[in-house]
$ cat coords_14.cif   # mmCIF, C-alpha atoms
data_work
loop_
_atom_site.label_atom_id
_atom_site.label_comp_id
_atom_site.auth_asym_id
_atom_site.auth_seq_id
_atom_site.Cartn_x
_atom_site.Cartn_y
_atom_site.Cartn_z
CA MET A 313 -56.96 -16.47 8.05
CA ALA A 314 -53.64 -15.93 9.82
CA ASP A 315 -53.16 -13.08 12.30
CA GLY A 316 -49.85 -11.81 13.62
CA SER A 317 -51.21 -12.03 17.16
CA GLN A 318 -50.97 -15.85 16.92
CA HIS A 319 -47.53 -16.03 15.31
CA SER A 320 -44.57 -17.30 17.36
CA MET A 321 -40.95 -18.30 16.77
CA ALA A 322 -38.56 -20.81 18.32
CA TYR A 323 -35.07 -22.16 17.64
CA VAL A 324 -32.72 -25.02 18.41
CA ALA A 325 -28.97 -25.21 17.84
CA GLU A 326 -27.77 -27.61 15.12
CA SER A 327 -24.80 -29.94 15.62
CA THR A 328 -24.51 -30.43 11.86
CA TYR A 329 -25.15 -27.54 9.50
CA GLY A 330 -28.66 -27.72 8.03
CA VAL A 331 -29.73 -30.75 10.11
CA THR A 332 -32.31 -30.39 12.89
CA PRO A 333 -31.33 -32.56 15.88
CA ALA A 334 -33.56 -35.47 16.88
CA SER A 335 -36.09 -34.83 19.65
CA PRO A 336 -35.09 -31.15 19.75
CA THR A 337 -35.63 -28.83 22.70
CA PHE A 338 -36.72 -25.55 21.15
CA LYS A 339 -36.26 -22.19 22.85
CA ALA A 340 -38.75 -19.39 22.30
CA ILE A 341 -37.64 -16.29 20.37
CA ARG A 342 -39.02 -13.07 21.78
CA ASN A 343 -39.71 -10.96 18.71
CA LYS A 344 -41.86 -8.15 17.38
CA GLY A 345 -41.94 -9.33 13.77
CA THR A 346 -39.91 -11.10 11.13
CA THR A 347 -39.22 -11.21 7.40
CA LEU A 348 -37.58 -14.66 7.51
CA ALA A 349 -38.68 -16.49 4.37
CA LEU A 350 -37.62 -18.68 1.48
CA THR A 351 -37.26 -17.09 -1.94
CA LYS A 352 -36.30 -18.56 -5.30
CA GLU A 353 -34.50 -17.33 -8.36
CA GLY A 354 -36.36 -17.88 -11.60
CA SER A 355 -35.55 -18.33 -15.26
CA ALA A 356 -37.79 -17.94 -18.29
CA ASP A 357 -37.07 -20.14 -21.30
CA GLU A 358 -34.97 -18.25 -23.90
CA GLU A 359 -36.14 -20.08 -27.03
CA LEU A 360 -37.45 -17.80 -29.76
CA ARG A 361 -40.78 -18.50 -31.48
CA ASP A 362 -42.68 -16.89 -34.30
CA ASP A 363 -45.65 -16.23 -31.96
CA ARG A 364 -43.44 -14.31 -29.46
CA GLN A 365 -44.49 -16.57 -26.56
CA ILE A 366 -42.50 -17.76 -23.54
CA THR A 367 -42.93 -21.51 -23.36
CA ASP A 368 -41.59 -22.31 -19.91
CA TYR A 369 -40.48 -20.84 -16.60
CA ARG A 370 -38.39 -22.71 -14.03
CA HIS A 371 -37.62 -22.18 -10.38
CA MET A 372 -33.87 -22.08 -9.75
CA ASN A 373 -31.75 -21.67 -6.58
CA LYS A 374 -33.48 -21.30 -3.21
CA SER A 375 -32.45 -18.69 -0.66
CA VAL A 376 -33.45 -18.38 2.98
CA GLY A 377 -33.04 -15.01 4.63
CA GLY A 378 -34.63 -12.15 6.51
CA ASP A 379 -34.62 -10.27 9.78
CA ILE A 380 -35.87 -11.18 13.24
CA ASN A 381 -36.91 -7.88 14.82
CA ILE A 382 -36.53 -7.57 18.57
CA ASN A 383 -36.56 -5.41 21.66
CA LEU A 384 -33.44 -6.34 23.61
CA SER A 385 -33.91 -7.99 27.01
CA TYR A 386 -31.47 -9.65 29.38
CA GLY A 387 -30.78 -13.33 28.81
CA SER A 388 -33.21 -13.65 25.89
CA PHE A 389 -30.74 -13.64 23.01
CA ASP A 390 -27.44 -14.87 24.44
CA ASP A 391 -27.27 -17.80 21.99
CA PHE A 392 -27.93 -15.45 19.09
CA LEU A 393 -25.30 -13.01 20.34
CA GLU A 394 -22.83 -15.90 20.27
CA GLY A 395 -23.97 -16.75 16.76
CA ALA A 396 -23.64 -13.18 15.52
CA THR A 397 -20.19 -12.59 17.04
CA MET A 398 -19.02 -16.17 16.33
CA GLY A 399 -17.60 -16.05 19.84
CA ALA A 400 -18.42 -17.86 23.09
CA TRP A 401 -19.45 -16.57 26.50
CA ASP A 402 -16.49 -16.87 28.85
CA SER A 403 -16.96 -15.62 32.41
CA ASN A 404 -19.93 -13.58 31.13
CA LYS A 405 -17.78 -11.91 28.49
CA LEU A 406 -18.20 -12.30 24.74
CA VAL A 407 -15.77 -11.19 22.02
CA VAL A 408 -15.70 -11.67 18.27
CA GLY A 409 -14.40 -15.09 17.22
CA LYS A 410 -14.44 -17.62 14.38
CA THR A 411 -16.83 -20.35 15.57
CA ARG A 412 -19.72 -20.88 13.16
CA ARG A 413 -23.12 -21.73 14.67
CA SER A 414 -26.29 -22.70 12.87
CA PHE A 415 -29.84 -23.08 14.11
CA THR A 416 -33.16 -24.53 13.03
CA VAL A 417 -35.75 -21.77 13.35
CA GLU A 418 -39.48 -22.46 13.44
CA ARG A 419 -42.24 -20.01 12.72
CA LYS A 420 -45.65 -21.16 13.94
CA PHE A 421 -48.91 -19.72 12.66
CA GLY A 422 -51.26 -20.68 15.47
CA ASP A 423 -54.46 -20.13 13.51
CA ILE A 424 -53.48 -22.13 10.39
CA SER A 425 -54.78 -25.69 10.53
CA ASP A 426 -53.05 -27.54 7.68
CA LYS A 427 -49.33 -26.73 7.96
CA PRO A 428 -48.78 -24.22 10.76
CA TYR A 429 -45.05 -24.90 11.22
CA HIS A 430 -42.57 -23.26 8.84
CA ARG A 431 -39.22 -24.86 9.61
CA PHE A 432 -36.00 -23.14 8.46
CA THR A 433 -32.74 -25.10 8.64
CA GLY A 434 -29.12 -23.97 8.50
CA CYS A 435 -29.89 -20.51 9.89
CA GLU A 436 -26.79 -18.46 10.73
CA LEU A 437 -26.73 -14.96 12.21
CA ASN A 438 -25.30 -12.68 9.55
CA THR A 439 -25.99 -9.31 11.15
CA LEU A 440 -26.80 -7.69 14.47
CA ASN A 441 -28.36 -4.23 14.62
CA LEU A 442 -29.10 -2.23 17.78
CA THR A 443 -30.54 1.25 18.34
CA VAL A 444 -30.52 3.14 21.63
CA ALA A 445 -32.60 6.32 21.43
CA PRO A 446 -34.09 8.67 24.05
CA GLY A 447 -37.45 7.69 25.52
CA ALA A 448 -37.58 4.36 23.75
CA ARG A 449 -37.03 0.66 24.20
CA VAL A 450 -33.74 -0.67 22.89
CA SER A 451 -34.65 -2.12 19.52
CA GLY A 452 -32.75 -4.17 17.00
CA SER A 453 -32.69 -7.11 14.66
CA PHE A 454 -30.78 -10.25 13.81
CA GLY A 455 -30.25 -10.81 10.08
CA VAL A 456 -30.47 -14.49 9.13
CA ILE A 457 -29.13 -16.47 6.19
CA GLY A 458 -30.26 -20.10 6.00
CA LYS A 459 -30.29 -23.22 3.86
CA ASP A 460 -33.85 -24.47 3.32
CA MET A 461 -37.44 -24.27 4.53
CA SER A 462 -40.37 -26.65 4.70
CA PRO A 463 -43.98 -26.18 5.84
CA GLU A 464 -45.05 -28.96 8.21
CA ALA A 465 -48.35 -30.14 9.65
CA ALA A 466 -46.99 -31.08 13.07
CA ALA A 467 -44.14 -30.49 15.47
CA LEU A 468 -41.12 -32.77 15.17
CA SER A 469 -41.37 -36.10 16.95
CA GLY A 470 -40.10 -35.84 20.51
CA SER A 471 -39.72 -32.06 20.37
CA THR A 472 -40.33 -29.82 23.39
CA TYR A 473 -40.77 -26.07 23.61
CA GLY A 474 -39.54 -23.78 26.35
CA ASP A 475 -41.30 -20.65 27.54
CA GLU A 476 -40.16 -17.15 26.64
CA THR A 477 -37.90 -15.34 29.06
CA THR A 478 -39.64 -12.80 31.28
CA THR A 479 -36.89 -10.22 31.79
CA GLN A 480 -37.95 -6.64 31.14
CA VAL A 481 -36.97 -4.96 27.88
CA PHE A 482 -34.07 -2.52 28.12
CA ASP A 483 -34.81 1.16 27.62
CA SER A 484 -32.73 4.33 27.38
CA PHE A 485 -33.57 5.74 30.82
CA LYS A 486 -30.80 3.85 32.63
CA GLY A 487 -27.22 3.13 31.69
CA VAL A 488 -24.10 5.09 30.85
CA ILE A 489 -22.49 6.22 27.60
CA LYS A 490 -18.73 6.67 27.55
CA GLU A 491 -16.81 8.12 24.61
CA GLY A 492 -13.05 7.98 24.91
CA ALA A 493 -13.51 6.68 28.51
CA ALA A 494 -15.34 9.90 29.48
CA GLY A 495 -19.05 10.11 30.25
CA LEU A 496 -21.12 11.64 27.45
CA ALA A 497 -24.29 13.35 28.69
CA VAL A 498 -25.39 14.93 25.40
CA MET A 499 -25.82 11.78 23.33
CA THR A 500 -29.12 11.60 21.42
CA GLU A 501 -28.74 8.18 19.78
CA VAL A 502 -26.29 5.37 19.25
CA THR A 503 -26.61 2.65 16.64
CA LEU A 504 -24.49 -0.47 16.26
CA THR A 505 -24.23 -2.88 13.34
CA LEU A 506 -22.22 -6.09 13.15
CA ASP A 507 -22.02 -7.65 9.69
CA ASN A 508 -20.39 -11.03 9.02
CA GLY A 509 -20.76 -10.82 5.23
CA LEU A 510 -22.30 -14.29 4.86
CA GLU A 511 -22.92 -15.24 1.24
CA SER A 512 -24.76 -18.27 -0.11
CA ARG A 513 -22.67 -20.73 -2.16
CA PHE A 514 -24.47 -22.82 -4.76
CA VAL A 515 -23.11 -25.95 -6.42
CA VAL A 516 -24.15 -28.19 -9.30
CA GLY A 517 -26.59 -30.88 -8.21
CA SER A 518 -28.45 -28.87 -5.55
CA ASP A 519 -30.84 -25.94 -5.43
CA THR A 520 -29.87 -25.05 -1.83
CA THR A 521 -26.66 -23.51 -0.58
CA ILE A 522 -23.82 -25.35 1.06
CA GLN A 523 -22.61 -23.58 4.21
CA PRO A 524 -22.27 -19.92 3.21
CA GLY A 525 -18.96 -18.13 2.83
CA VAL A 526 -18.02 -15.70 5.58
CA LYS A 527 -16.14 -12.40 5.42
CA ARG A 528 -14.48 -10.25 8.07
CA SER A 529 -16.28 -9.02 11.18
CA ASN A 530 -17.40 -5.52 10.21
CA VAL A 531 -18.63 -3.43 13.15
CA THR A 532 -19.95 0.04 12.35
CA GLY A 533 -22.48 2.46 13.77
CA GLN A 534 -23.27 6.06 14.52
CA LEU A 535 -23.09 8.26 17.58
CA SER A 536 -25.33 11.33 17.54
CA ALA A 537 -24.91 14.11 20.09
CA TYR A 538 -25.93 17.70 20.68
CA PHE A 539 -23.30 19.97 19.12
CA GLU A 540 -21.91 21.81 22.14
CA ASN A 541 -18.20 22.05 21.26
CA SER A 542 -15.65 20.81 18.73
CA VAL A 543 -14.13 17.97 20.76
CA LEU A 544 -15.89 15.11 18.96
CA LEU A 545 -15.77 16.84 15.57
CA GLU A 546 -12.01 17.30 15.83
CA LYS A 547 -11.56 13.58 16.43
CA PHE A 548 -13.02 13.06 12.97
CA LEU A 549 -11.06 15.93 11.41
CA ASP A 550 -7.76 14.75 12.91
CA GLU A 551 -8.42 11.01 12.31
CA ASP A 552 -7.95 10.32 16.01
CA SER A 553 -8.79 6.90 17.41
CA SER A 554 -11.31 6.78 20.23
CA SER A 555 -13.45 4.24 22.07
CA LEU A 556 -17.13 3.82 22.83
CA GLU A 557 -18.90 2.06 25.67
CA PHE A 558 -22.60 1.95 26.45
CA SER A 559 -24.34 0.03 29.20
CA LEU A 560 -27.98 -1.03 29.29
CA VAL A 561 -29.71 -1.70 32.62
CA ASP A 562 -33.19 -3.14 33.13
CA ALA A 563 -35.56 -2.50 36.04
CA ALA A 564 -34.22 -5.52 37.97
CA GLY A 565 -30.61 -4.35 37.64
CA ASN A 566 -29.48 -6.80 34.95
CA SER A 567 -27.18 -5.21 32.40
CA TYR A 568 -25.24 -5.59 29.18
CA ILE A 569 -22.14 -3.53 28.50
CA PHE A 570 -21.14 -3.04 24.87
CA THR A 571 -17.56 -1.87 24.38
CA LEU A 572 -15.87 -0.90 21.14
CA PRO A 573 -12.28 -0.45 22.32
CA LYS A 574 -11.03 1.28 19.17
CA ILE A 575 -13.08 3.28 16.70
CA LYS A 576 -12.46 5.92 14.07
CA TYR A 577 -15.11 8.41 13.05
CA THR A 578 -15.88 8.40 9.35
CA GLY A 579 -17.97 11.56 9.19
CA GLY A 580 -18.93 14.70 11.06
CA GLN A 581 -21.32 16.80 8.99
CA VAL A 582 -22.92 19.61 11.00
CA ASP A 583 -26.18 20.29 9.15
CA VAL A 584 -28.67 22.96 10.16
CA SER A 585 -32.32 22.52 9.18
CA GLY A 586 -34.04 25.08 11.39
CA GLU A 587 -33.76 27.19 14.48
CA GLY A 588 -33.68 24.33 16.98
CA ALA A 589 -30.81 22.41 18.55
CA ILE A 590 -28.08 21.19 16.23
CA ILE A 591 -27.25 17.48 16.25
CA LEU A 592 -23.78 16.23 15.30
CA PRO A 593 -23.93 12.76 13.69
CA LEU A 594 -20.69 10.81 13.90
CA PRO A 595 -20.65 7.55 11.95
CA PHE A 596 -17.83 5.27 13.03
CA GLN A 597 -15.86 2.18 12.06
CA ALA A 598 -14.67 -0.19 14.78
CA VAL A 599 -11.24 -1.72 14.23
CA TYR A 600 -9.12 -4.36 15.92
CA ASP A 601 -7.73 -3.31 19.27
CA GLU A 602 -4.42 -4.99 20.10
CA THR A 603 -4.89 -4.72 23.86
CA GLU A 604 -8.34 -6.33 23.94
CA GLY A 605 -7.76 -8.54 20.90
CA THR A 606 -11.13 -7.73 19.36
CA ASN A 607 -13.27 -4.99 17.84
CA LEU A 608 -16.29 -5.63 20.08
CA ILE A 609 -16.84 -6.80 23.65
CA ILE A 610 -20.21 -7.68 25.19
CA GLU A 611 -20.41 -8.24 28.93
CA ARG A 612 -23.44 -9.44 30.89
CA VAL A 613 -24.01 -8.69 34.54
CA SER A 614 -26.90 -10.29 36.39
CA ALA A 615 -28.67 -8.44 39.19
#
$ encode --input "coords_14.cif" --output "structure tokens"
Amino acid sequence: MADGSQHSMAYVAESTYGVTPASPTFKAIRNKGTTLALTKEGSADEELRDDRQITDYRHMNKSVGGDININLSYGSFDDFLEGATMGAWDSNKLVVGKTRRSFTVERKFGDISDKPYHRFTGCELNTLNLTVAPGARVSGSFGVIGKDMSPEAAALSGSTYGDETTTQVFDSFKGVIKEGAAGLAVMTEVTLTLDNGLESRFVVGSDTTIQPGVKRSNVTGQLSAYFENSVLLEKFLDEDSSSLEFSLVDAAGNSYIFTLPKIKYTGGQVDVSGEGAIILPLPFQAVYDETEGTNLIIERVSA
């Protein structure tokens, strides 16, 4: 019987989409759970019979997808951040680009004896989600779309496995939030979502996708703050552009800085549900900034 306490994940970058490299060096994925799996479409036979029975059912196209749920820590997900942004780290700075990256991801069930390795090929990072909330670890997920999956009895020939990183998980007790380049001390939560719009593409002669289609980089989120004046609300009402920056710092002093150089608020509904403090939620859309040449910047600073 499998227990989650003996489940682990690892990945290796692919040079060719959907093909695991020979003698791969896998890196551990720090995670707190996953829904990564293979599913299939199905089709029941449509022939009509006088006994009202369905005579056959066939499996159709395969799909690989799901989320890898994480707590963010320094240096643990830099390859996945590249994959999600389709950019490349340059002098510890990462911006949205157009370079596609795929990975082979392994799930290992340590207490299953027959086929403990579930190997997923052609895995691309479709989404990135992050949540920074008071008194909590910084949590998030990477949404994956892949090509195929196979259960295996043993590790790949010549494969090696690295240890997990040991950097401490980021929390909300350190760091700075800036809205419109000014410090914001009344923020109660910020969420960030990057969506690449990957879609499987099926062709005649195969039940697995060719490399998925990709849409525009869509960065959205929500800033929530105590309602103390109308400054933020008026930015929504007047359709003013603004910017958002939040830094995360771990106990050793390592940090990530997430910058959205140009955003527009898409809502500002001031609801009241009781006698307590009123929270102003401000959903936003990030757009291309001509000065920075991107809608999202991620910077890493080591201690």
$ atom_distance --input "coords_14.cif" --atom1 "atom CA of Val324 of chain A" --atom2 "atom CA of Tyr568 of chain A"
23.4 Å
$ residues_around --input "coords_14.cif" --residues "Lys410 of chain A" --least-positions-apart "3" --cutoff "10 Å" --atoms "only C-alpha atoms" --output "ChimeraX atom specification"
/A:395,397-400,413,526,528-529
$ closest_residue --input "coords_14.cif" --among "A:Ser559, A:Thr571, A:Thr603, A:Ser536" --to "Val498 of chain A" --atoms "only C-alpha atoms"
A:Ser536
$ resolve_selection --input "coords_14.cif" --expression "the PyMOL selection byres ((chain A and resi 541-552) around 6)" --output "count of residues only"
5
$ residues_around --input "coords_14.cif" --residues "Phe415 of chain A" --least-positions-apart "2" --cutoff "9 Å" --atoms "all atoms listed in the file" --output "list in words"
Tyr323, Val324, Ala325, Glu326, Ser327, Tyr329, Gly330, Val331, Thr332, Arg413, Val417, Phe432, Thr433, Gly434, Cys435, Glu436, Leu437 and Gly458 of chain A
$ resolve_selection --input "coords_14.cif" --expression "the PyMOL selection byres ((chain A and resi 494) around 12)" --output "ChimeraX atom specification"
/A:488-493,495-498,543-544,554-558
$ resolve_selection --input "coords_14.cif" --expression "the PyMOL selection byres ((chain A and resi 476) around 12)" --output "count of residues only"
22
$ atom_distance --input "coords_14.cif" --atom1 "atom CA of Asn438 of chain A" --atom2 "atom CA of Thr521 of chain A"
14.9 Å
$ closest_residue --input "coords_14.cif" --among "A:Ser471, A:Ser614, A:Ser518, A:Ser317" --to "Val561 of chain A" --atoms "all atoms listed in the file"
A:Ser614
$ closest_residue --input "coords_14.cif" --among "A:Gly345, A:Pro446, A:Gly487, A:Pro428" --to "Ala465 of chain A" --atoms "all atoms listed in the file"
A:Pro428
$ axis_aligned_box --input "coords_14.cif" --around "segment 516-519 of chain A" --padding-each-side "6 Å" --output "lines of an AutoDock Vina configuration file"
center_x = -27.5
center_y = -28.4
center_z = -7.4
size_x = 18.7
size_y = 16.9
size_z = 15.9
$ atom_distance --input "coords_14.cif" --atom1 "atom CA of Ser451 of chain A" --atom2 "atom CA of Ile380 of chain A"
11.1 Å
$ closest_residue --input "coords_14.cif" --among "A:Asn383, A:Thr443, A:Asn404, A:Asn508" --to "Ser567 of chain A" --atoms "all atoms listed in the file"
A:Asn404
$ residues_around --input "coords_14.cif" --residues "Lys352 of chain A" --least-positions-apart "3" --cutoff "7 Å" --atoms "all atoms listed in the file" --output "list in words"
His371, Met372, Asn373, Lys374 and Ser375 of chain A
$ write_last_selection --input "coords_14.cif" --atoms "C-alpha atoms" --output "compact mmCIF listing (two decimals), in the frame of the given file"
# COMPACT_ATOMS: atom_id res chain seq x y z
CA HIS A 371 -37.62 -22.18 -10.38
CA MET A 372 -33.87 -22.08 -9.75
CA ASN A 373 -31.75 -21.67 -6.58
CA LYS A 374 -33.48 -21.30 -3.21
CA SER A 375 -32.45 -18.69 -0.66
$ build_atoms --input "coords_14.cif" --residues "segment 511-541 of chain A" --atoms "N, CA and C atoms" --output "mmCIF file, in the frame of the given file"
data_model
loop_
_atom_site.group_PDB
_atom_site.id
_atom_site.type_symbol
_atom_site.label_atom_id
_atom_site.label_comp_id
_atom_site.auth_asym_id
_atom_site.auth_seq_id
_atom_site.Cartn_x
_atom_site.Cartn_y
_atom_site.Cartn_z
ATOM 1 N N GLU A 511 -22.434 -15.165 2.613
ATOM 2 C CA GLU A 511 -22.920 -15.240 1.240
ATOM 3 C C GLU A 511 -23.219 -16.694 0.882
ATOM 4 N N SER A 512 -24.398 -16.920 0.313
ATOM 5 C CA SER A 512 -24.760 -18.270 -0.110
ATOM 6 C C SER A 512 -23.792 -18.774 -1.177
ATOM 7 N N ARG A 513 -23.558 -20.100 -1.166
ATOM 8 C CA ARG A 513 -22.670 -20.730 -2.160
ATOM 9 C C ARG A 513 -23.423 -21.910 -2.781
ATOM 10 N N PHE A 514 -23.702 -21.796 -4.057
ATOM 11 C CA PHE A 514 -24.470 -22.820 -4.760
ATOM 12 C C PHE A 514 -23.540 -23.693 -5.597
ATOM 13 N N VAL A 515 -23.910 -24.975 -5.678
ATOM 14 C CA VAL A 515 -23.110 -25.950 -6.420
ATOM 15 C C VAL A 515 -24.017 -26.726 -7.364
ATOM 16 N N VAL A 516 -23.413 -27.342 -8.372
ATOM 17 C CA VAL A 516 -24.150 -28.190 -9.300
ATOM 18 C C VAL A 516 -24.717 -29.390 -8.549
ATOM 19 N N GLY A 517 -25.962 -29.717 -8.828
ATOM 20 C CA GLY A 517 -26.590 -30.880 -8.210
ATOM 21 C C GLY A 517 -27.470 -30.552 -7.024
ATOM 22 N N SER A 518 -27.609 -29.252 -6.678
ATOM 23 C CA SER A 518 -28.450 -28.870 -5.550
ATOM 24 C C SER A 518 -29.017 -27.485 -5.792
ATOM 25 N N ASP A 519 -30.250 -27.267 -5.329
ATOM 26 C CA ASP A 519 -30.840 -25.940 -5.430
ATOM 27 C C ASP A 519 -30.791 -25.183 -4.105
ATOM 28 N N THR A 520 -30.075 -25.745 -3.098
ATOM 29 C CA THR A 520 -29.870 -25.050 -1.830
ATOM 30 C C THR A 520 -28.373 -24.831 -1.626
ATOM 31 N N THR A 521 -28.055 -23.852 -0.809
ATOM 32 C CA THR A 521 -26.660 -23.510 -0.580
ATOM 33 C C THR A 521 -25.951 -24.555 0.283
ATOM 34 N N ILE A 522 -24.650 -24.730 0.051
ATOM 35 C CA ILE A 522 -23.820 -25.350 1.060
ATOM 36 C C ILE A 522 -23.569 -24.285 2.122
ATOM 37 N N GLN A 523 -22.803 -24.599 3.164
ATOM 38 C CA GLN A 523 -22.610 -23.580 4.210
ATOM 39 C C GLN A 523 -22.040 -22.307 3.588
ATOM 40 N N PRO A 524 -22.667 -21.160 3.867
ATOM 41 C CA PRO A 524 -22.270 -19.920 3.210
ATOM 42 C C PRO A 524 -20.818 -19.522 3.496
ATOM 43 N N GLY A 525 -20.255 -18.734 2.582
ATOM 44 C CA GLY A 525 -18.960 -18.130 2.830
ATOM 45 C C GLY A 525 -19.085 -17.020 3.843
ATOM 46 N N VAL A 526 -17.996 -16.720 4.543
ATOM 47 C CA VAL A 526 -18.020 -15.700 5.580
ATOM 48 C C VAL A 526 -16.879 -14.722 5.344
ATOM 49 N N LYS A 527 -17.148 -13.443 5.576
ATOM 50 C CA LYS A 527 -16.140 -12.400 5.420
ATOM 51 C C LYS A 527 -15.680 -11.919 6.792
ATOM 52 N N ARG A 528 -14.990 -10.789 6.822
ATOM 53 C CA ARG A 528 -14.480 -10.250 8.070
ATOM 54 C C ARG A 528 -15.605 -9.709 8.946
ATOM 55 N N SER A 529 -15.347 -9.632 10.241
ATOM 56 C CA SER A 529 -16.280 -9.020 11.180
ATOM 57 C C SER A 529 -16.236 -7.511 10.985
ATOM 58 N N ASN A 530 -17.338 -6.953 10.518
ATOM 59 C CA ASN A 530 -17.400 -5.520 10.210
ATOM 60 C C ASN A 530 -18.373 -4.856 11.186
ATOM 61 N N VAL A 531 -17.824 -4.093 12.134
ATOM 62 C CA VAL A 531 -18.630 -3.430 13.150
ATOM 63 C C VAL A 531 -18.624 -1.928 12.870
ATOM 64 N N THR A 532 -19.804 -1.384 12.635
ATOM 65 C CA THR A 532 -19.950 0.040 12.350
ATOM 66 C C THR A 532 -21.116 0.578 13.178
ATOM 67 N N GLY A 533 -21.355 1.868 13.065
ATOM 68 C CA GLY A 533 -22.480 2.460 13.770
ATOM 69 C C GLY A 533 -22.449 3.968 13.659
ATOM 70 N N GLN A 534 -23.238 4.597 14.501
ATOM 71 C CA GLN A 534 -23.270 6.060 14.520
ATOM 72 C C GLN A 534 -23.604 6.564 15.913
ATOM 73 N N LEU A 535 -22.848 7.532 16.341
ATOM 74 C CA LEU A 535 -23.090 8.260 17.580
ATOM 75 C C LEU A 535 -23.626 9.629 17.208
ATOM 76 N N SER A 536 -24.763 9.998 17.775
ATOM 77 C CA SER A 536 -25.330 11.330 17.540
ATOM 78 C C SER A 536 -25.408 12.065 18.865
ATOM 79 N N ALA A 537 -24.965 13.337 18.850
ATOM 80 C CA ALA A 537 -24.910 14.110 20.090
ATOM 81 C C ALA A 537 -25.244 15.569 19.791
ATOM 82 N N TYR A 538 -25.739 16.262 20.818
ATOM 83 C CA TYR A 538 -25.930 17.700 20.680
ATOM 84 C C TYR A 538 -24.574 18.358 20.439
ATOM 85 N N PHE A 539 -24.544 19.296 19.496
ATOM 86 C CA PHE A 539 -23.300 19.970 19.120
ATOM 87 C C PHE A 539 -23.047 21.094 20.105
ATOM 88 N N GLU A 540 -22.183 20.804 21.114
ATOM 89 C CA GLU A 540 -21.910 21.810 22.140
ATOM 90 C C GLU A 540 -20.484 22.340 22.095
ATOM 91 N N ASN A 541 -19.569 21.583 21.466
ATOM 92 C CA ASN A 541 -18.200 22.050 21.260
ATOM 93 C C ASN A 541 -17.582 21.216 20.138
#
